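**Student:** protein-v9.tsv is reproduced in full below (TSV, C-alpha atoms).
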chain	number	residue	atom	x	y	z
A	2	MET	CA	73.75	33.48	62.27
A	3	THR	CA	74.74	36.75	60.57
A	4	HIS	CA	77.07	37.16	57.59
A	5	ALA	CA	79.73	38.32	60.03
A	6	GLU	CA	79.46	34.97	61.85
A	7	HIS	CA	79.86	32.97	58.65
A	8	ILE	CA	81.76	29.72	59.23
A	9	PRO	CA	84.57	29.17	56.68
A	10	GLY	CA	83.73	26.38	54.28
A	11	SER	CA	79.96	26.65	54.72
A	12	PRO	CA	77.60	28.31	52.25
A	13	PRO	CA	76.74	31.97	52.93
A	14	ALA	CA	73.63	32.31	55.05
A	15	SER	CA	71.77	34.09	52.24
A	16	LEU	CA	72.40	31.16	49.87
A	17	ASP	CA	71.10	28.73	52.48
A	18	GLN	CA	68.07	30.94	52.93
A	19	ALA	CA	67.46	31.06	49.18
A	20	ARG	CA	67.56	27.27	48.97
A	21	GLN	CA	65.15	26.93	51.89
A	22	LEU	CA	62.75	29.46	50.42
A	23	ALA	CA	62.79	27.74	47.02
A	24	ALA	CA	61.96	24.41	48.67
A	25	ALA	CA	59.23	26.06	50.75
A	26	LEU	CA	57.83	27.71	47.64
A	27	LEU	CA	57.24	24.33	46.03
A	28	SER	CA	55.58	22.86	49.11
A	29	GLU	CA	53.36	25.89	49.73
A	30	ARG	CA	49.80	25.44	48.43
A	31	GLY	CA	48.15	28.70	49.48
A	32	GLU	CA	48.30	31.41	46.82
A	33	ALA	CA	48.79	34.25	49.30
A	34	SER	CA	51.47	32.39	51.23
A	35	GLY	CA	53.19	31.40	48.01
A	36	ALA	CA	53.28	35.01	46.83
A	37	LEU	CA	54.81	36.06	50.17
A	38	ILE	CA	57.51	33.41	49.96
A	39	ALA	CA	58.21	34.36	46.35
A	40	ARG	CA	58.77	37.98	47.42
A	41	GLN	CA	61.08	36.85	50.23
A	42	LEU	CA	63.04	34.70	47.81
A	43	GLN	CA	63.29	37.59	45.37
A	44	GLN	CA	64.70	39.84	48.10
A	45	THR	CA	67.17	37.16	49.15
A	46	MET	CA	68.36	36.60	45.59
A	47	ARG	CA	69.02	40.33	45.21
A	48	ALA	CA	71.31	40.17	48.24
A	49	LEU	CA	73.42	37.35	46.80
A	50	ASP	CA	76.81	38.14	45.29
A	51	ALA	CA	77.91	36.52	42.01
A	52	ASP	CA	79.14	33.35	43.75
A	53	GLY	CA	75.91	33.10	45.70
A	54	ARG	CA	73.79	33.46	42.57
A	55	HIS	CA	75.90	30.81	40.86
A	56	GLY	CA	75.37	28.47	43.79
A	57	PHE	CA	71.63	29.04	43.72
A	58	GLN	CA	71.49	28.44	39.97
A	59	ARG	CA	73.34	25.15	40.40
A	60	TYR	CA	70.90	24.23	43.17
A	61	LEU	CA	67.90	24.91	40.94
A	62	ALA	CA	69.47	22.87	38.13
A	63	SER	CA	70.30	19.84	40.28
A	64	ALA	CA	67.33	19.75	42.63
A	65	PHE	CA	63.61	19.47	41.80
A	66	GLN	CA	63.96	16.54	39.38
A	67	PRO	CA	60.96	14.40	38.38
A	68	ASP	CA	60.16	11.48	40.70
A	69	ALA	CA	61.94	8.58	39.01
A	70	ALA	CA	59.59	5.89	40.36
A	71	ALA	CA	56.44	7.81	39.42
A	72	LEU	CA	57.84	8.53	35.97
A	73	GLN	CA	58.70	4.89	35.40
A	74	ASP	CA	55.23	3.77	36.49
A	75	ALA	CA	53.58	6.34	34.20
A	76	ALA	CA	55.74	5.20	31.29
A	77	LYS	CA	54.78	1.57	31.87
A	78	ARG	CA	51.08	2.46	31.95
A	79	TYR	CA	51.39	4.41	28.72
A	80	LEU	CA	53.24	1.57	26.99
A	81	ALA	CA	50.59	-0.84	28.21
A	82	ASP	CA	47.48	0.95	26.92
A	83	GLY	CA	48.61	4.06	24.97
A	84	THR	CA	45.49	6.05	25.87
A	85	ALA	CA	45.29	9.82	25.91
A	86	ALA	CA	44.81	9.73	29.67
A	87	ALA	CA	47.96	7.65	30.09
A	88	ALA	CA	49.87	10.05	27.84
A	89	ALA	CA	48.69	13.00	29.93
A	90	ALA	CA	49.73	11.21	33.12
A	91	LEU	CA	53.16	10.50	31.61
A	92	ALA	CA	53.60	14.13	30.62
A	93	ASP	CA	52.61	15.23	34.11
A	94	ALA	CA	55.09	12.83	35.71
A	95	ALA	CA	57.87	13.99	33.37
A	96	ASP	CA	57.26	17.68	34.11
A	97	PRO	CA	60.17	18.67	36.37
A	98	PRO	CA	59.13	20.25	39.68
A	99	ARG	CA	61.75	22.89	38.90
A	100	GLN	CA	59.36	24.43	36.36
A	101	GLU	CA	56.75	24.86	39.06
A	102	VAL	CA	59.33	26.49	41.33
A	103	LEU	CA	60.17	28.94	38.54
A	104	ARG	CA	56.48	29.63	37.90
A	105	ARG	CA	56.00	30.47	41.57
A	106	MET	CA	59.15	32.60	41.65
A	107	ASN	CA	57.50	34.58	38.88
A	108	MET	CA	54.69	35.60	41.26
A	109	ALA	CA	56.99	38.09	42.99
A	110	PRO	CA	57.07	41.70	41.76
A	111	GLY	CA	59.91	41.85	39.27
A	112	GLY	CA	60.00	38.06	39.12
A	113	THR	CA	59.95	37.87	35.33
A	114	ALA	CA	62.87	40.27	34.98
A	115	SER	CA	64.78	38.35	37.63
A	116	LEU	CA	64.33	35.04	35.78
A	117	ILE	CA	65.38	36.62	32.47
A	118	ALA	CA	68.50	37.98	34.18
A	119	MET	CA	69.19	34.51	35.58
A	120	ARG	CA	69.06	32.91	32.14
A	121	SER	CA	71.32	35.61	30.74
A	122	GLU	CA	73.81	35.01	33.53
A	123	ILE	CA	74.04	31.24	33.09
A	124	ALA	CA	74.53	31.51	29.31
A	125	GLY	CA	78.28	31.84	29.62
A	126	ARG	CA	78.54	28.75	31.84
A	127	LEU	CA	76.58	26.26	29.74
A	128	GLY	CA	79.65	24.97	27.95
A	129	SER	CA	81.66	24.29	31.11
A	130	GLU	CA	78.72	23.31	33.35
A	131	PRO	CA	76.33	21.22	31.23
A	132	GLU	CA	74.16	20.53	34.27
A	133	LEU	CA	72.93	24.12	33.98
A	134	LYS	CA	71.39	23.24	30.61
A	135	LEU	CA	68.41	21.74	32.44
A	136	LEU	CA	67.70	25.06	34.12
A	137	ASP	CA	68.28	26.92	30.85
A	138	ALA	CA	65.86	24.62	28.99
A	139	ASP	CA	63.15	25.02	31.62
A	140	LEU	CA	63.48	28.81	31.60
A	141	LYS	CA	63.26	28.90	27.82
A	142	HIS	CA	60.23	26.58	27.87
A	143	LEU	CA	58.42	28.93	30.25
A	144	PHE	CA	59.46	32.09	28.39
A	145	VAL	CA	58.07	30.73	25.11
A	146	SER	CA	54.67	30.56	26.82
A	147	TRP	CA	54.92	33.79	28.78
A	148	PHE	CA	56.14	35.81	25.79
A	149	ASN	CA	53.87	34.48	23.06
A	150	ARG	CA	52.46	36.93	20.55
A	151	GLY	CA	49.20	37.35	22.45
A	152	PHE	CA	51.01	39.10	25.32
A	153	LEU	CA	53.18	41.37	23.18
A	154	GLU	CA	52.33	45.00	22.49
A	155	LEU	CA	53.71	46.70	19.39
A	156	ARG	CA	54.53	50.37	19.91
A	157	ARG	CA	55.98	52.95	17.60
A	158	ILE	CA	58.91	54.76	19.18
A	159	ASP	CA	59.39	58.40	18.22
A	160	TRP	CA	61.02	61.50	19.63
A	161	GLN	CA	58.09	61.94	22.02
A	162	SER	CA	58.60	58.52	23.63
A	163	PRO	CA	59.84	58.44	27.25
A	164	ALA	CA	63.51	59.33	27.61
A	165	ALA	CA	64.16	56.04	29.42
A	166	VAL	CA	62.96	54.11	26.37
A	167	LEU	CA	65.05	56.25	24.01
A	168	GLU	CA	68.12	55.64	26.15
A	169	LYS	CA	67.51	51.91	25.88
A	170	LEU	CA	67.46	52.15	22.07
A	171	ILE	CA	70.92	53.69	22.17
A	172	ALA	CA	72.14	51.01	24.58
A	173	TYR	CA	70.57	47.99	22.84
A	174	GLU	CA	71.24	48.85	19.17
A	175	ALA	CA	73.25	45.84	18.02
A	176	VAL	CA	73.64	46.38	14.26
A	177	HIS	CA	74.49	50.05	13.61
A	178	GLU	CA	75.71	51.90	16.68
A	179	ILE	CA	73.64	54.95	17.62
A	180	LYS	CA	76.18	57.71	18.18
A	181	GLY	CA	74.34	59.92	20.61
A	182	TRP	CA	71.11	61.86	20.66
A	183	ASP	CA	71.54	63.62	17.31
A	184	ASP	CA	72.00	60.28	15.57
A	185	LEU	CA	68.93	58.92	17.36
A	186	ARG	CA	66.88	61.96	16.34
A	187	ARG	CA	67.74	61.27	12.67
A	188	ARG	CA	66.61	57.66	13.03
A	189	LEU	CA	63.27	58.86	14.39
A	190	ALA	CA	62.73	61.52	11.69
A	191	PRO	CA	59.51	61.67	9.58
A	192	ASP	CA	61.01	59.43	6.86
A	193	ARG	CA	62.09	56.86	9.42
A	194	ARG	CA	60.13	54.56	11.69
A	195	CYS	CA	61.05	52.56	14.77
A	196	PHE	CA	58.82	49.91	16.30
A	197	ALA	CA	59.32	47.70	19.34
A	198	PHE	CA	57.58	44.88	21.15
A	199	PHE	CA	56.85	45.35	24.85
A	200	HIS	CA	55.49	42.94	27.48
A	201	PRO	CA	53.32	43.92	30.49
A	202	ALA	CA	55.70	42.18	32.90
A	203	LEU	CA	58.58	44.40	31.71
A	204	PRO	CA	57.14	47.92	31.49
A	205	GLY	CA	59.40	50.30	29.64
A	206	GLU	CA	61.75	47.52	28.50
A	207	PRO	CA	61.74	46.84	24.74
A	208	LEU	CA	62.15	43.16	23.86
A	209	ILE	CA	63.12	43.72	20.23
A	210	PHE	CA	63.01	46.74	17.95
A	211	VAL	CA	63.29	47.39	14.24
A	212	GLU	CA	64.45	50.55	12.47
A	213	VAL	CA	62.90	51.35	9.09
A	214	ALA	CA	63.86	53.81	6.37
A	215	LEU	CA	61.22	55.02	3.90
A	216	VAL	CA	63.00	55.49	0.57
A	217	GLN	CA	62.61	55.32	-3.19
A	218	GLY	CA	64.01	52.15	-4.69
A	219	LEU	CA	65.94	49.33	-3.06
A	220	ALA	CA	68.59	50.70	-0.68
A	221	THR	CA	71.94	49.02	-1.28
A	222	ALA	CA	74.18	50.77	1.26
A	223	VAL	CA	73.93	51.80	4.90
A	224	PRO	CA	75.63	55.26	4.95
A	225	PRO	CA	72.83	57.07	3.05
A	226	LEU	CA	70.32	55.71	5.55
A	227	LEU	CA	72.28	57.05	8.53
A	228	VAL	CA	73.38	60.41	7.12
A	229	GLN	CA	72.50	63.34	9.37
A	230	ASP	CA	69.60	65.42	8.02
A	231	THR	CA	67.93	67.92	10.32
A	232	ASP	CA	65.35	69.21	7.83
A	233	ARG	CA	62.15	67.58	9.05
A	234	ASN	CA	60.03	69.08	6.28
A	235	SER	CA	62.21	67.48	3.61
A	236	ALA	CA	62.09	64.20	5.51
A	237	GLY	CA	58.31	64.37	5.58
A	238	LEU	CA	58.18	64.94	1.83
A	239	ARG	CA	60.50	61.98	1.24
A	240	ALA	CA	58.22	59.77	3.34
A	241	GLY	CA	55.24	60.80	1.23
A	242	HIS	CA	57.04	59.85	-1.99
A	243	ALA	CA	58.66	56.65	-0.72
A	244	ASP	CA	57.83	53.41	-2.49
A	245	THR	CA	60.04	51.12	-0.40
A	246	ALA	CA	60.39	50.37	3.31
A	247	ILE	CA	63.90	49.21	4.25
A	248	PHE	CA	64.31	47.30	7.50
A	249	TYR	CA	67.93	48.16	8.19
A	250	SER	CA	68.37	47.16	11.83
A	251	ILE	CA	66.70	44.58	14.06
A	252	SER	CA	68.01	44.34	17.61
A	253	ASN	CA	67.08	41.86	20.33
A	254	CYS	CA	67.27	43.59	23.69
A	255	GLN	CA	67.05	40.80	26.25
A	256	ASP	CA	69.81	38.19	26.12
A	257	GLY	CA	67.88	36.05	28.59
A	258	LEU	CA	65.13	35.63	25.96
A	259	ARG	CA	67.47	34.23	23.28
A	260	GLY	CA	65.73	31.52	21.29
A	261	VAL	CA	62.29	33.00	21.95
A	262	SER	CA	61.08	34.16	18.54
A	263	PHE	CA	59.80	37.73	18.22
A	264	GLY	CA	61.24	38.93	14.94
A	265	ASN	CA	58.89	37.13	12.56
A	266	PHE	CA	55.83	38.57	14.32
A	267	LEU	CA	57.48	41.98	14.51
A	268	ILE	CA	58.22	42.26	10.79
A	269	LYS	CA	54.77	41.08	9.70
A	270	GLN	CA	53.01	43.47	12.11
A	271	VAL	CA	55.19	46.40	11.09
A	272	VAL	CA	54.52	45.71	7.40
A	273	GLU	CA	50.78	45.88	8.12
A	274	ASP	CA	51.13	49.13	10.06
A	275	LEU	CA	53.29	50.74	7.38
A	276	GLN	CA	50.90	49.70	4.61
A	277	ALA	CA	48.05	51.33	6.50
A	278	GLU	CA	50.02	54.56	7.01
A	279	PHE	CA	51.69	54.68	3.58
A	280	PRO	CA	49.47	52.93	1.00
A	281	GLN	CA	51.94	53.86	-1.78
A	282	LEU	CA	54.63	51.53	-0.44
A	283	LYS	CA	55.28	48.74	-2.95
A	284	ARG	CA	58.32	46.95	-1.51
A	285	PHE	CA	59.34	45.78	1.93
A	286	SER	CA	62.96	44.74	2.14
A	287	THR	CA	65.83	44.44	4.56
A	288	LEU	CA	69.37	45.73	4.19
A	289	SER	CA	71.12	43.07	6.21
A	290	PRO	CA	74.61	42.12	7.37
A	291	ILE	CA	76.22	38.76	6.56
A	292	PRO	CA	77.99	38.00	9.85
A	293	GLY	CA	79.25	34.53	8.96
A	294	PHE	CA	80.65	35.09	5.46
A	295	ARG	CA	84.30	35.89	6.15
A	296	ARG	CA	84.60	33.16	8.79
A	297	TRP	CA	83.13	30.61	6.36
A	298	LEU	CA	85.42	31.79	3.56
A	299	SER	CA	88.51	31.40	5.73
A	300	GLN	CA	87.57	27.71	6.12
A	301	GLN	CA	87.32	27.08	2.35
A	302	PRO	CA	90.83	26.41	0.99
A	303	GLN	CA	89.45	25.55	-2.44
A	304	SER	CA	88.03	29.06	-2.71
A	305	GLY	CA	91.32	30.78	-2.04
A	306	GLY	CA	90.08	31.81	1.38
A	307	ASN	CA	93.62	32.23	2.65
A	308	ASP	CA	94.36	34.79	-0.07
A	309	VAL	CA	91.89	37.28	1.40
A	310	ALA	CA	94.52	38.10	4.01
A	311	VAL	CA	95.66	40.77	1.56
A	312	LEU	CA	92.39	42.55	2.37
A	313	ASP	CA	93.28	42.90	6.03
A	314	GLY	CA	94.88	46.25	5.33
A	315	GLU	CA	92.99	49.33	6.43
A	316	GLY	CA	91.14	51.21	3.71
A	317	TRP	CA	91.78	48.74	0.86
A	318	TRP	CA	88.30	49.47	-0.47
A	319	HIS	CA	89.40	52.98	-1.42
A	320	ASP	CA	91.81	51.56	-3.97
A	321	ALA	CA	90.05	51.14	-7.32
A	322	ALA	CA	92.41	48.45	-8.61
A	323	THR	CA	92.00	46.30	-5.50
A	324	CYS	CA	88.21	46.62	-5.67
A	325	GLU	CA	88.19	45.75	-9.37
A	326	THR	CA	90.21	42.61	-8.66
A	327	TRP	CA	88.26	41.36	-5.68
A	328	ARG	CA	84.69	42.47	-6.35
A	329	PRO	CA	83.70	39.68	-8.81
A	330	VAL	CA	85.50	37.05	-6.72
A	331	LEU	CA	83.94	38.00	-3.40
A	332	MET	CA	80.48	38.61	-4.84
A	333	ARG	CA	80.46	35.15	-6.42
A	334	LEU	CA	81.71	33.50	-3.22
A	335	CYS	CA	79.17	35.41	-1.14
A	336	ALA	CA	76.38	34.25	-3.47
A	337	GLN	CA	77.62	30.66	-3.01
A	338	TYR	CA	77.66	31.12	0.76
A	339	LEU	CA	74.13	32.53	0.91
A	340	THR	CA	72.57	29.96	-1.43
A	341	ARG	CA	73.83	26.79	0.28
A	342	SER	CA	70.87	24.66	1.32
A	343	PRO	CA	70.50	23.68	4.98
A	344	ALA	CA	69.14	20.35	3.72
A	345	SER	CA	72.73	19.37	2.90
A	346	GLY	CA	73.82	19.89	6.49
A	347	ASN	CA	75.31	23.32	5.84
A	348	HIS	CA	75.53	25.84	8.64
A	349	ILE	CA	73.41	28.73	7.37
A	350	ASP	CA	74.23	32.36	8.08
A	351	PRO	CA	72.11	33.30	11.14
A	352	VAL	CA	70.64	36.45	9.58
A	353	ALA	CA	69.86	34.56	6.38
A	354	ARG	CA	68.20	31.74	8.32
A	355	PHE	CA	65.99	34.23	10.14
A	356	HIS	CA	64.73	36.04	7.04
A	357	LEU	CA	64.51	33.01	4.73
A	358	GLY	CA	62.69	31.14	7.47
A	359	ASN	CA	60.20	34.01	7.64
A	360	GLY	CA	59.48	33.69	3.92
A	361	ALA	CA	61.71	36.41	2.48
A	362	ARG	CA	63.48	36.07	-0.87
A	363	LEU	CA	67.22	36.53	-1.32
A	364	GLU	CA	66.93	39.55	-3.58
A	365	ARG	CA	70.25	41.33	-4.04
A	366	ILE	CA	73.86	41.18	-2.84
A	367	ASN	CA	75.49	44.61	-2.49
A	368	TRP	CA	79.19	45.35	-2.83
A	369	LEU	CA	80.58	47.57	-0.04
A	370	GLY	CA	77.15	48.24	1.38
A	371	ASN	CA	78.71	49.02	4.75
A	372	THR	CA	82.37	49.96	5.33
A	373	ALA	CA	82.15	50.19	9.12
A	374	ASP	CA	84.83	48.20	10.94
A	375	ARG	CA	82.51	45.41	12.04
A	376	ALA	CA	81.01	44.93	8.58
A	377	MET	CA	84.45	44.84	6.95
A	378	ALA	CA	85.64	42.27	9.48
A	379	GLU	CA	82.57	40.04	9.03
A	380	SER	CA	81.80	40.26	5.33
A	381	PHE	CA	84.23	42.60	3.52
A	382	GLY	CA	81.45	45.18	3.72
A	383	ILE	CA	79.05	43.16	1.55
A	384	MET	CA	75.38	43.43	2.50
A	385	VAL	CA	72.23	41.74	1.27
A	386	ASN	CA	68.59	42.62	0.61
A	387	TYR	CA	65.93	40.11	1.67
A	388	LEU	CA	62.60	40.97	0.04
A	389	TYR	CA	59.28	40.36	1.79
A	390	ASP	CA	56.71	39.92	-0.97
A	391	HIS	CA	53.22	39.49	0.46
A	392	ASP	CA	52.07	37.13	-2.28
A	393	SER	CA	54.97	34.69	-1.90
A	394	ILE	CA	55.93	34.79	1.79
A	395	GLU	CA	54.09	31.60	2.76
A	396	ARG	CA	55.31	29.73	-0.33
A	397	ASN	CA	58.91	30.80	0.28
A	398	HIS	CA	58.67	29.82	3.94
A	399	GLU	CA	57.38	26.35	3.07
A	400	ALA	CA	60.12	25.84	0.46
A	401	PHE	CA	62.82	26.72	2.98
A	402	ALA	CA	61.31	24.83	5.91
A	403	ARG	CA	60.51	21.62	4.02
A	404	VAL	CA	63.35	21.11	1.56
A	405	GLY	CA	65.84	23.84	2.40
A	406	GLU	CA	65.25	25.72	-0.86
A	407	ILE	CA	66.80	29.20	-0.96
A	408	VAL	CA	64.34	31.25	-3.01
A	409	ARG	CA	66.38	33.89	-4.82
A	410	SER	CA	66.19	36.46	-7.59
A	411	PRO	CA	67.67	36.11	-11.10
A	412	GLN	CA	70.17	38.82	-10.11
A	413	VAL	CA	71.60	36.55	-7.38
A	414	ASP	CA	71.62	33.58	-9.76
A	415	ALA	CA	73.67	35.61	-12.20
A	416	LEU	CA	76.47	35.87	-9.62
A	417	LEU	CA	76.81	32.10	-9.29
Do you think you could lay out the structure here as structure tokens?
**Tutor:**
Amino acid sequence: MTHAEHIPGSPPASLDQARQLAAALLSERGEASGALIARQLQQTMRALDADGRHGFQRYLASAFQPDAAALQDAAKRYLADGTAAAAAALADAADPPRQEVLRRMNMAPGGTASLIAMRSEIAGRLGSEPELKLLDADLKHLFVSWFNRGFLELRRIDWQSPAAVLEKLIAYEAVHEIKGWDDLRRRLAPDRRCFAFFHPALPGEPLIFVEVALVQGLATAVPPLLVQDTDRNSAGLRAGHADTAIFYSISNCQDGLRGVSFGNFLIKQVVEDLQAEFPQLKRFSTLSPIPGFRRWLSQQPQSGGNDVAVLDGEGWWHDAATCETWRPVLMRLCAQYLTRSPASGNHIDPVARFHLGNGARLERINWLGNTADRAMAESFGIMVNYLYDHDSIERNHEAFARVGEIVRSPQVDALL
């Protein structure tokens, strides 16, 4: 039956075909035959419209469940003797067949990208369709294995990199918008570095990238890092005299890989590469946003959170009297926000959680470090430095992971 002969009320033929191919993929034992079916399924999925893809995603989430009887028997055997063999049998019985279907779908050319796109697409439906969470969890489980550090390749991106990769940097930059090719050229100048992780299954597609500025001293504001400077010789001299590397933007590029950790490996590898290239570098620090501060403050009536509505006016930060009034108040409140321990059940700022969890120290809070619209809306323009000190990274990480301790500098303590 062709699409033109579609009977109202029945699933589109391509969706039926996708379901049949997925079931056949699981039953197929031969590697060559399985690869052929995977390619056919990939082609069929590409032909599906949004409703068809949604239907197929729901099918994957609801079908291919573990055999209940086999799982119950395996659980009884494990409870009876508790041996390693029984535990392995239980784990095998609990492994949903859906994961094997997804593994075999990955055999098709472009299969990995297709599965990443699928997880990205279902993200917006997880709240209203909790049954899709099973599919989401299985995809994440597989991606954690497929995208472990051993498969990732760190590459420096410069002005000689392929144009397609450079275009993706402009598209994926999530912290400080890249305003065209001239802006990108500045960010790839001799006193700047950009590194990205790539994966062999996604050639030419960065997974995550970091932008670095080589400067003297701890950078406290974004505008000087982004200022246009076309003199490459001067930039080269600045790089040679720099004593600090500032990680000022880290962007994840693949929404379908959310929850798969790359950033901690990326920062540590980049630090090693920069130390090898610039032995004079003494400090490695971020200049980071605080995306949750203003939202948290608005929920704290005891802090006068409602009063900050007077700062909704455009350009208030240009008024010296307003800044003088609000600077000590907001800096103190921001220090309180950033030093709350997760051990007390507090919701920690996502950027802070990332860097503190990687072993960084909360080093400095910077007034009006970024007056772009987004930064003003999220944190009144306040930014923060997280310092990566080689000798204390592991100790800081353990303190945060075990007891929720926020390791911080005396300068931050002075704000409290």
**Student:** Counting all atoms listed in the file, find the residues whose atoms lie at most 7 Å from (59.3, 34.6, 45.8) (file coordinates) and write them out as a list in words.
**Tutor:** Ala36, Leu37, Ile38, Ala39, Arg40, Gln41, Leu42, Gln43, Arg105, Met106, Met108 and Ala109 of chain A
**Student:** Using all atoms listed in the file, give me every residue within 8 Å of (69.8, 47.3, -0.4) in file coordinates, as a list in words.
**Tutor:**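 The residues that fall inside the cut-off are Leu219, Ala220, Thr221, Ala222, Ile247, Ser286, Thr287, Leu288, Ser289, Arg365, Ile366, Asn367, Gly370, Met384, Val385 and Asn386 of chain A.
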**Student:** At what distance in Å, to one decimal, does atom CA of A:Asp192 lie from atom CA of A:Thr231?
**Tutor:**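 Answer for the atom CA of A:Thr231 to atom CA of A:Asp192 separation: 11.5 Å.
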**Student:** Mind pulling up the distance from atom CA of A:Ser252 to atom CA of A:Met377?
**Tutor:**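 Taking atom CA of A:Met377 as the start and atom CA of A:Ser252 as the end point, the length is 19.6 Å.
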**Student:** Which residue is closest to A:Glu325? Choose from A:Trp368, A:Asp308, A:Ala172, A:Asp313 and count all atoms listed in the file.
**Tutor:** A:Trp368
**Student:** Interatomic distance between atom CA of A:Phe198 and atom CA of A:Val261?
**Tutor:**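 It comes out at 12.8 Å.
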**Student:** Hey, what's within 10 Å of A:Leu103 if we count only C-alpha atoms and toss same-chain stuff fewer than 5 positions away? As a ChimeraX atom specification, please?
**Tutor:** /A:23,26-27,39,61,98,108,112-113,116,136,139-140,143
**Student:** Around stretch 109-119 of chain A, with edges along x, y and z and 3 Å added on all six sides, what centre and edge lengths do you get, in Å to one decimal, as AutoDock Vina command-line options?
**Tutor:**
--center_x 63.1 --center_y 38.2 --center_z 37.7 --size_x 18.2 --size_y 13.3 --size_z 16.5
**Student:** Give me the residues near A:Arg341 as a PDB file with C-alpha atoms, in the coordinates of the input, where near means some atom within 8 Å (using only C-alpha atoms) and where sequence neighbours in that chain fewer than 6 positions away do not count.
**Tutor:**
ATOM      1  CA  ASN A 347      75.310  23.320   5.840  1.00  0.00           C
ATOM      2  CA  ILE A 349      73.410  28.730   7.370  1.00  0.00           C
ATOM      3  CA  ILE A 407      66.800  29.200  -0.960  1.00  0.00           C
TER       4      ILE A 407
END
**Student:** Can you tell me, as a ChimeraX atom specification, what residues are no more than 10 Å from A:Gln66 when counting all atoms listed in the file, ignoring any on the same chain fewer than 6 positions away?
**Tutor:** /A:95-100,135
**Student:** Could you list, as a PyMOL selection string, every residue within 9 Å of A:Phe279, counting all atoms listed in the file and ignoring same-chain residues fewer than 2 positions away?
**Tutor:** chain A and resi 240-241+243-244+274-277+281-282
**Student:** Select, from A:Leu363, A:Trp182, A:Ala94, A:Thr323, the residue with the minimum atom-to-atom distance to A:Ala69, counting all atoms listed in the file.
**Tutor:**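 Result for the nearest residue to A:Ala69: A:Ala94.
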**Student:** Please identify all polymer residues within 12 Å of A:Pro292, counting only C-alpha atoms, omitting same-chain residues fewer than 6 positions from it, and present them as a list of chain:residue names.
**Tutor:**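 Here the qualifying residues turn out to be A:Val176, A:Leu298, A:Cys335, A:Tyr338, A:Leu339, A:Ile349, A:Asp350, A:Pro351, A:Val352, A:Ala353, A:Arg354, A:Arg375, A:Ala376, A:Met377, A:Ala378, A:Glu379, A:Ser380, A:Phe381, A:Gly382, A:Ile383, A:Met384, A:Val385.
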**Student:** Write a file of the selected residues as a short mmCIF file (atom, residue, chain, number, x, y, z; two decimals), keeping the file's coordinate frame, keeping C-alpha atoms.
**Tutor:**
data_model
loop_
_atom_site.label_atom_id
_atom_site.label_comp_id
_atom_site.auth_asym_id
_atom_site.auth_seq_id
_atom_site.Cartn_x
_atom_site.Cartn_y
_atom_site.Cartn_z
CA VAL A 176 73.64 46.38 14.26
CA LEU A 298 85.42 31.79 3.56
CA CYS A 335 79.17 35.41 -1.14
CA TYR A 338 77.66 31.12 0.76
CA LEU A 339 74.13 32.53 0.91
CA ILE A 349 73.41 28.73 7.37
CA ASP A 350 74.23 32.36 8.08
CA PRO A 351 72.11 33.30 11.14
CA VAL A 352 70.64 36.45 9.58
CA ALA A 353 69.86 34.56 6.38
CA ARG A 354 68.20 31.74 8.32
CA ARG A 375 82.51 45.41 12.04
CA ALA A 376 81.01 44.93 8.58
CA MET A 377 84.45 44.84 6.95
CA ALA A 378 85.64 42.27 9.48
CA GLU A 379 82.57 40.04 9.03
CA SER A 380 81.80 40.26 5.33
CA PHE A 381 84.23 42.60 3.52
CA GLY A 382 81.45 45.18 3.72
CA ILE A 383 79.05 43.16 1.55
CA MET A 384 75.38 43.43 2.50
CA VAL A 385 72.23 41.74 1.27
#
